[in-house]
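Q: Below is the file final_17.txt, which contains compact mmCIF, N, CA and C atoms.
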```txt
# COMPACT_ATOMS: atom_id res chain seq x y z
N GLN A 166 86.46 79.83 118.17
CA GLN A 166 87.88 79.54 118.10
C GLN A 166 88.58 80.63 117.28
N LEU A 167 89.57 81.27 117.91
CA LEU A 167 90.32 82.30 117.21
C LEU A 167 91.20 81.65 116.16
N GLN A 168 91.24 82.23 114.99
CA GLN A 168 92.07 81.71 113.92
C GLN A 168 92.99 82.80 113.40
N LEU A 169 94.24 82.41 113.19
CA LEU A 169 95.24 83.30 112.63
C LEU A 169 95.75 82.71 111.33
N VAL A 170 96.01 83.57 110.38
CA VAL A 170 96.50 83.10 109.09
C VAL A 170 97.76 83.88 108.74
N GLU A 171 98.88 83.16 108.58
CA GLU A 171 100.13 83.78 108.17
C GLU A 171 100.30 83.65 106.66
N SER A 172 101.00 84.61 106.09
CA SER A 172 101.34 84.54 104.68
C SER A 172 102.61 85.34 104.45
N GLY A 173 103.20 85.17 103.28
CA GLY A 173 104.36 85.96 102.91
C GLY A 173 105.68 85.22 102.94
N GLY A 174 105.66 83.99 103.39
CA GLY A 174 106.90 83.23 103.41
C GLY A 174 107.36 82.88 102.01
N GLY A 175 108.57 82.32 101.93
CA GLY A 175 109.10 81.92 100.64
C GLY A 175 110.59 81.69 100.73
N SER A 176 111.19 81.58 99.58
CA SER A 176 112.63 81.37 99.49
C SER A 176 113.30 82.65 99.00
N VAL A 177 114.42 82.98 99.61
CA VAL A 177 115.11 84.22 99.27
C VAL A 177 116.61 84.01 99.46
N GLN A 178 117.39 84.76 98.75
CA GLN A 178 118.84 84.67 98.89
C GLN A 178 119.30 85.49 100.09
N PRO A 179 120.44 85.17 100.65
CA PRO A 179 120.97 85.97 101.76
C PRO A 179 121.05 87.44 101.37
N GLY A 180 120.66 88.29 102.31
CA GLY A 180 120.61 89.72 102.04
C GLY A 180 119.28 90.20 101.54
N GLY A 181 118.40 89.28 101.19
CA GLY A 181 117.10 89.65 100.67
C GLY A 181 116.10 90.02 101.75
N SER A 182 114.88 90.30 101.32
CA SER A 182 113.82 90.74 102.23
C SER A 182 112.54 89.97 101.98
N LEU A 183 111.77 89.84 103.02
CA LEU A 183 110.41 89.30 102.95
C LEU A 183 109.55 90.06 103.94
N ARG A 184 108.27 90.10 103.67
CA ARG A 184 107.33 90.66 104.63
C ARG A 184 106.26 89.62 104.94
N LEU A 185 106.20 89.24 106.18
CA LEU A 185 105.18 88.29 106.63
C LEU A 185 103.95 89.04 107.12
N SER A 186 102.80 88.44 106.90
CA SER A 186 101.54 89.01 107.36
C SER A 186 100.83 88.00 108.25
N CYS A 187 100.13 88.53 109.24
CA CYS A 187 99.34 87.70 110.14
C CYS A 187 97.98 88.37 110.28
N GLY A 188 96.95 87.68 109.84
CA GLY A 188 95.61 88.21 109.90
C GLY A 188 94.72 87.41 110.82
N GLY A 189 93.78 88.11 111.43
CA GLY A 189 92.83 87.43 112.29
C GLY A 189 91.59 87.05 111.51
N SER A 190 91.19 85.80 111.67
CA SER A 190 89.98 85.32 111.02
C SER A 190 88.87 85.20 112.06
N ARG A 191 87.76 85.90 111.82
CA ARG A 191 86.60 85.84 112.69
C ARG A 191 86.80 86.56 114.01
N PHE A 192 87.87 87.33 114.17
CA PHE A 192 88.03 88.15 115.35
C PHE A 192 88.98 89.29 115.02
N THR A 193 88.91 90.35 115.83
CA THR A 193 89.79 91.49 115.62
C THR A 193 91.03 91.35 116.49
N LEU A 194 92.17 91.71 115.91
CA LEU A 194 93.44 91.61 116.63
C LEU A 194 93.67 92.78 117.58
N GLU A 195 92.79 93.76 117.55
CA GLU A 195 93.05 95.04 118.20
C GLU A 195 93.38 94.91 119.67
N SER A 196 92.74 94.02 120.39
CA SER A 196 92.92 93.94 121.84
C SER A 196 93.97 92.92 122.27
N TYR A 197 94.75 92.45 121.32
CA TYR A 197 95.69 91.37 121.63
C TYR A 197 97.14 91.79 121.42
N ASP A 198 98.00 91.26 122.29
CA ASP A 198 99.43 91.27 121.98
C ASP A 198 99.65 90.24 120.87
N ILE A 199 100.54 90.59 119.96
CA ILE A 199 100.84 89.69 118.86
C ILE A 199 102.33 89.36 118.88
N GLY A 200 102.63 88.10 118.71
CA GLY A 200 104.02 87.70 118.64
C GLY A 200 104.33 86.99 117.34
N TRP A 201 105.57 87.11 116.91
CA TRP A 201 106.10 86.31 115.80
C TRP A 201 107.16 85.38 116.35
N PHE A 202 107.14 84.15 115.88
CA PHE A 202 108.02 83.12 116.40
C PHE A 202 108.64 82.36 115.24
N ARG A 203 109.77 81.75 115.52
CA ARG A 203 110.46 80.98 114.50
C ARG A 203 110.85 79.62 115.08
N GLN A 204 110.67 78.61 114.24
CA GLN A 204 111.12 77.28 114.63
C GLN A 204 111.96 76.70 113.50
N ALA A 205 113.24 76.56 113.78
CA ALA A 205 114.15 75.97 112.82
C ALA A 205 114.13 74.45 112.98
N PRO A 206 114.52 73.72 111.96
CA PRO A 206 114.52 72.26 112.05
C PRO A 206 115.34 71.77 113.25
N GLY A 207 114.71 70.93 114.06
CA GLY A 207 115.39 70.36 115.21
C GLY A 207 115.57 71.30 116.38
N MET A 208 115.00 72.49 116.29
CA MET A 208 115.17 73.48 117.34
C MET A 208 113.83 73.79 118.00
N GLU A 209 113.91 74.37 119.18
CA GLU A 209 112.69 74.80 119.85
C GLU A 209 112.17 76.10 119.22
N ARG A 210 110.89 76.31 119.39
CA ARG A 210 110.30 77.54 118.90
C ARG A 210 110.83 78.71 119.73
N GLU A 211 111.15 79.81 119.07
CA GLU A 211 111.70 80.96 119.76
C GLU A 211 110.92 82.22 119.39
N VAL A 212 110.92 83.16 120.32
CA VAL A 212 110.28 84.45 120.07
C VAL A 212 111.20 85.28 119.20
N ILE A 213 110.63 85.83 118.13
CA ILE A 213 111.38 86.72 117.26
C ILE A 213 111.04 88.18 117.58
N SER A 214 109.76 88.44 117.73
CA SER A 214 109.32 89.80 117.98
C SER A 214 107.91 89.78 118.53
N CYS A 215 107.54 90.87 119.20
CA CYS A 215 106.14 91.01 119.63
C CYS A 215 105.78 92.48 119.63
N ILE A 216 104.48 92.73 119.60
CA ILE A 216 103.97 94.09 119.63
C ILE A 216 102.76 94.11 120.55
N SER A 217 102.66 95.15 121.35
CA SER A 217 101.58 95.23 122.33
C SER A 217 100.26 95.59 121.65
N SER A 218 99.19 95.51 122.43
CA SER A 218 97.85 95.62 121.87
C SER A 218 97.60 96.94 121.15
N ARG A 219 98.15 98.02 121.66
CA ARG A 219 97.96 99.32 121.01
C ARG A 219 99.18 99.76 120.22
N GLY A 220 100.15 98.88 120.13
CA GLY A 220 101.32 99.18 119.32
C GLY A 220 102.35 100.05 119.99
N SER A 221 102.19 100.33 121.28
CA SER A 221 103.12 101.23 121.96
C SER A 221 104.45 100.57 122.26
N TYR A 222 104.45 99.25 122.41
CA TYR A 222 105.65 98.53 122.80
C TYR A 222 105.96 97.45 121.78
N THR A 223 107.23 97.35 121.47
CA THR A 223 107.71 96.26 120.62
C THR A 223 108.95 95.65 121.25
N GLN A 224 109.17 94.40 120.96
CA GLN A 224 110.37 93.72 121.44
C GLN A 224 110.91 92.86 120.31
N TYR A 225 112.22 92.62 120.35
CA TYR A 225 112.88 91.83 119.33
C TYR A 225 113.91 90.90 119.97
N ALA A 226 114.08 89.76 119.36
CA ALA A 226 115.20 88.91 119.73
C ALA A 226 116.49 89.60 119.31
N ASP A 227 117.54 89.39 120.08
CA ASP A 227 118.82 90.02 119.75
C ASP A 227 119.30 89.68 118.35
N SER A 228 118.98 88.49 117.90
CA SER A 228 119.46 88.02 116.61
C SER A 228 118.85 88.75 115.42
N VAL A 229 117.72 89.46 115.65
CA VAL A 229 117.05 90.14 114.54
C VAL A 229 116.97 91.65 114.71
N LYS A 230 117.45 92.16 115.83
CA LYS A 230 117.40 93.61 116.06
C LYS A 230 118.11 94.36 114.94
N GLY A 231 117.47 95.41 114.45
CA GLY A 231 118.05 96.20 113.38
C GLY A 231 117.76 95.66 111.99
N ARG A 232 117.23 94.44 111.92
CA ARG A 232 116.93 93.85 110.61
C ARG A 232 115.43 93.61 110.42
N PHE A 233 114.74 93.28 111.48
CA PHE A 233 113.31 92.98 111.41
C PHE A 233 112.53 94.11 112.06
N THR A 234 111.33 94.35 111.52
CA THR A 234 110.44 95.36 112.10
C THR A 234 109.03 94.80 112.17
N ILE A 235 108.44 94.87 113.35
CA ILE A 235 107.07 94.44 113.53
C ILE A 235 106.16 95.67 113.52
N SER A 236 104.99 95.52 112.92
CA SER A 236 104.04 96.63 112.89
C SER A 236 102.64 96.05 112.79
N ARG A 237 101.66 96.89 113.05
CA ARG A 237 100.29 96.42 112.95
C ARG A 237 99.43 97.49 112.27
N ASP A 238 98.49 97.01 111.49
CA ASP A 238 97.55 97.86 110.78
C ASP A 238 96.17 97.49 111.28
N TYR A 239 95.59 98.35 112.12
CA TYR A 239 94.31 98.02 112.72
C TYR A 239 93.20 98.01 111.68
N ALA A 240 93.28 98.88 110.71
CA ALA A 240 92.24 98.93 109.68
C ALA A 240 92.19 97.64 108.88
N LYS A 241 93.34 97.03 108.66
CA LYS A 241 93.41 95.78 107.90
C LYS A 241 93.41 94.55 108.80
N ASN A 242 93.37 94.78 110.11
CA ASN A 242 93.37 93.66 111.06
C ASN A 242 94.54 92.72 110.82
N THR A 243 95.69 93.32 110.62
CA THR A 243 96.87 92.55 110.21
C THR A 243 98.11 93.04 110.96
N VAL A 244 98.97 92.11 111.28
CA VAL A 244 100.28 92.41 111.85
C VAL A 244 101.34 91.95 110.86
N TYR A 245 102.37 92.75 110.70
CA TYR A 245 103.41 92.46 109.72
C TYR A 245 104.75 92.24 110.42
N LEU A 246 105.57 91.47 109.76
CA LEU A 246 106.97 91.35 110.16
C LEU A 246 107.81 91.59 108.90
N GLN A 247 108.42 92.77 108.84
CA GLN A 247 109.30 93.09 107.73
C GLN A 247 110.69 92.56 108.06
N MET A 248 111.19 91.71 107.20
CA MET A 248 112.48 91.06 107.44
C MET A 248 113.45 91.48 106.35
N ASN A 249 114.49 92.19 106.74
CA ASN A 249 115.52 92.65 105.81
C ASN A 249 116.85 92.00 106.15
N SER A 250 117.76 92.08 105.21
CA SER A 250 119.11 91.53 105.40
C SER A 250 119.06 90.11 105.92
N LEU A 251 118.25 89.31 105.29
CA LEU A 251 118.04 87.95 105.76
C LEU A 251 119.32 87.11 105.66
N LYS A 252 119.45 86.23 106.63
CA LYS A 252 120.61 85.35 106.73
C LYS A 252 120.15 83.89 106.68
N PRO A 253 121.02 82.99 106.32
CA PRO A 253 120.63 81.57 106.31
C PRO A 253 120.09 81.10 107.66
N GLU A 254 120.60 81.63 108.74
CA GLU A 254 120.13 81.22 110.06
C GLU A 254 118.73 81.74 110.38
N ASP A 255 118.15 82.57 109.52
CA ASP A 255 116.77 82.99 109.68
C ASP A 255 115.79 81.95 109.13
N THR A 256 116.31 80.93 108.53
CA THR A 256 115.46 79.88 107.96
C THR A 256 114.66 79.17 109.04
N GLY A 257 113.39 78.93 108.73
CA GLY A 257 112.53 78.20 109.65
C GLY A 257 111.07 78.44 109.32
N VAL A 258 110.22 77.85 110.13
CA VAL A 258 108.79 78.11 110.02
C VAL A 258 108.46 79.26 110.96
N TYR A 259 107.79 80.24 110.42
CA TYR A 259 107.42 81.42 111.20
C TYR A 259 105.94 81.35 111.56
N TYR A 260 105.67 81.57 112.82
CA TYR A 260 104.31 81.54 113.33
C TYR A 260 103.96 82.88 113.95
N CYS A 261 102.70 83.25 113.86
CA CYS A 261 102.22 84.34 114.69
C CYS A 261 101.26 83.77 115.73
N ALA A 262 101.14 84.48 116.81
CA ALA A 262 100.27 84.05 117.90
C ALA A 262 99.79 85.27 118.66
N VAL A 263 98.70 85.09 119.41
CA VAL A 263 98.13 86.20 120.15
C VAL A 263 98.01 85.84 121.63
N GLN A 264 98.03 86.88 122.43
CA GLN A 264 97.74 86.76 123.84
C GLN A 264 96.71 87.82 124.17
N GLY A 265 95.68 87.41 124.92
CA GLY A 265 94.71 88.42 125.31
C GLY A 265 93.31 87.87 125.40
N PRO A 266 92.31 88.73 125.38
CA PRO A 266 92.41 90.17 125.16
C PRO A 266 93.05 90.92 126.32
N ILE A 267 93.74 91.99 125.97
CA ILE A 267 94.46 92.81 126.94
C ILE A 267 93.62 94.02 127.31
N ILE A 268 93.43 94.21 128.61
CA ILE A 268 92.62 95.34 129.08
C ILE A 268 93.48 96.59 129.20
N TRP A 269 94.62 96.47 129.90
CA TRP A 269 95.54 97.59 130.06
C TRP A 269 96.83 97.27 129.32
N GLU A 270 97.16 98.10 128.36
CA GLU A 270 98.35 97.84 127.55
C GLU A 270 99.60 97.81 128.41
N ARG A 271 100.48 96.85 128.12
CA ARG A 271 101.78 96.79 128.77
C ARG A 271 102.73 96.12 127.80
N VAL A 272 103.98 96.00 128.19
CA VAL A 272 104.98 95.42 127.30
C VAL A 272 104.59 93.97 126.98
N CYS A 273 104.66 93.63 125.70
CA CYS A 273 104.31 92.27 125.29
C CYS A 273 105.37 91.28 125.78
N PRO A 274 104.94 90.09 126.13
CA PRO A 274 105.90 89.11 126.68
C PRO A 274 106.72 88.42 125.60
N LYS A 275 107.99 88.19 125.90
CA LYS A 275 108.87 87.43 125.02
C LYS A 275 108.99 86.00 125.51
N VAL A 276 107.84 85.42 125.79
CA VAL A 276 107.79 84.06 126.30
C VAL A 276 106.81 83.27 125.44
N VAL A 277 107.28 82.20 124.86
CA VAL A 277 106.45 81.42 123.93
C VAL A 277 105.16 80.96 124.60
N ASP A 278 105.27 80.46 125.82
CA ASP A 278 104.10 79.89 126.48
C ASP A 278 103.06 80.91 126.90
N SER A 279 103.37 82.19 126.78
CA SER A 279 102.41 83.23 127.14
C SER A 279 101.32 83.40 126.09
N TYR A 280 101.53 82.86 124.92
CA TYR A 280 100.61 83.08 123.80
C TYR A 280 99.64 81.92 123.66
N ASP A 281 98.40 82.28 123.33
CA ASP A 281 97.31 81.33 123.46
C ASP A 281 96.86 80.70 122.14
N TYR A 282 96.81 81.50 121.09
CA TYR A 282 96.28 81.02 119.83
C TYR A 282 97.33 81.23 118.75
N TRP A 283 97.47 80.22 117.91
CA TRP A 283 98.56 80.17 116.95
C TRP A 283 98.06 79.97 115.53
N GLY A 284 98.82 80.54 114.60
CA GLY A 284 98.56 80.27 113.20
C GLY A 284 99.23 78.97 112.78
N GLN A 285 99.09 78.65 111.50
CA GLN A 285 99.59 77.37 111.00
C GLN A 285 101.06 77.44 110.59
N GLY A 286 101.60 78.63 110.48
CA GLY A 286 102.99 78.81 110.13
C GLY A 286 103.21 79.03 108.65
N THR A 287 104.31 79.71 108.34
CA THR A 287 104.71 79.92 106.96
C THR A 287 106.24 79.72 106.88
N GLN A 288 106.66 79.02 105.85
CA GLN A 288 108.06 78.65 105.72
C GLN A 288 108.87 79.79 105.13
N VAL A 289 110.00 80.06 105.75
CA VAL A 289 110.98 81.02 105.22
C VAL A 289 112.29 80.27 105.03
N THR A 290 112.82 80.33 103.84
CA THR A 290 114.09 79.68 103.53
C THR A 290 115.05 80.71 102.96
N VAL A 291 116.19 80.85 103.60
CA VAL A 291 117.22 81.78 103.14
C VAL A 291 118.43 80.96 102.71
N SER A 292 118.68 80.96 101.43
CA SER A 292 119.74 80.12 100.89
C SER A 292 120.22 80.67 99.57
N SER A 293 121.50 80.48 99.32
CA SER A 293 122.05 80.89 98.03
C SER A 293 122.02 79.72 97.06
```
Would you mind giving the structure from this file in structure tokens?
A:
Amino acid sequence: QLQLVESGGGSVQPGGSLRLSCGGSRFTLESYDIGWFRQAPGMEREVISCISSRGSYTQYADSVKGRFTISRDYAKNTVYLQMNSLKPEDTGVYYCAVQGPIIWERVCPKVVDSYDYWGQGTQVTVSS
């Protein structure tokens, strides 16, 4: 069973920054597309960003473009989501998930149901 572990959530004031981490437990993330997702209270889970298996392609939700950056460190088997200029509407539980293994790299999907294995989530609260 693939396991993902998120960390880095917390409480921050508007305009602040956080960096989320997603690590693979008992497997390497190298061959997988990785996505970051957000679920606000009472809302459906939404795709925030994704990165392809070799890191060549990234995608972002319109609401976070220019503020969030997804990256991956193969040596550390970790994917990051750097979140800057945070807004109250960024509040929610953030999840990472993987799709794969991917044989031929292509653009990662911005579809929640495309992802197979999920972490437990980490809470992000943006409030003054």
Q: Kindly give the distance, in Å, that separates atom CA of Ser236 of chain A and atom C of Gly175 of chain A, rounded to a single decimal.
A: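 Distance between the two atoms: 20.3 Å.
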Q: Measure the distance from atom CA of Asp255 of chain A to atom C of Val289 of chain A in Å and round it to one decimal.
A: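 Between these atoms lies a distance of 7.0 Å.
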Q: May I ask for the distance between atom C of Glu209 of chain A and atom CA of Ala226 of chain A, given in Å to one decimal place?
A: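 Taking atom C of Glu209 of chain A and atom CA of Ala226 of chain A, their separation equals 13.2 Å.
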Q: Within 5 Å of segment 192-206 of chain A, counting all atoms listed in the file, which residues qualify if same-chain residues fewer than 6 places away don't, as a list in words?
A: Val212, Ile213, Ser214, Cys215, Ile216, Ser217, Ser218, Thr256, Gly257, Val258, Tyr259, Tyr260, Cys261, Ala262, Val263, Gln264, Gly265, Pro266 and Ile267 of chain A
Q: Out of A:Thr287, A:Tyr225, A:Gln247, A:Tyr282, which residue has the shortest atom-to-atom distance to Leu167 of chain A when counting only N, CA and C atoms?
A: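 Closest to Leu167 of chain A of all the choices is A:Tyr282.
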Q: Could you tell me which of A:Trp269, A:Ile235, A:Gly174, A:Gly207 comes closest to Thr223 of chain A if we count all atoms listed in the file?
A: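 Ranked by minimum distance to Thr223 of chain A, first place goes to A:Ile235.
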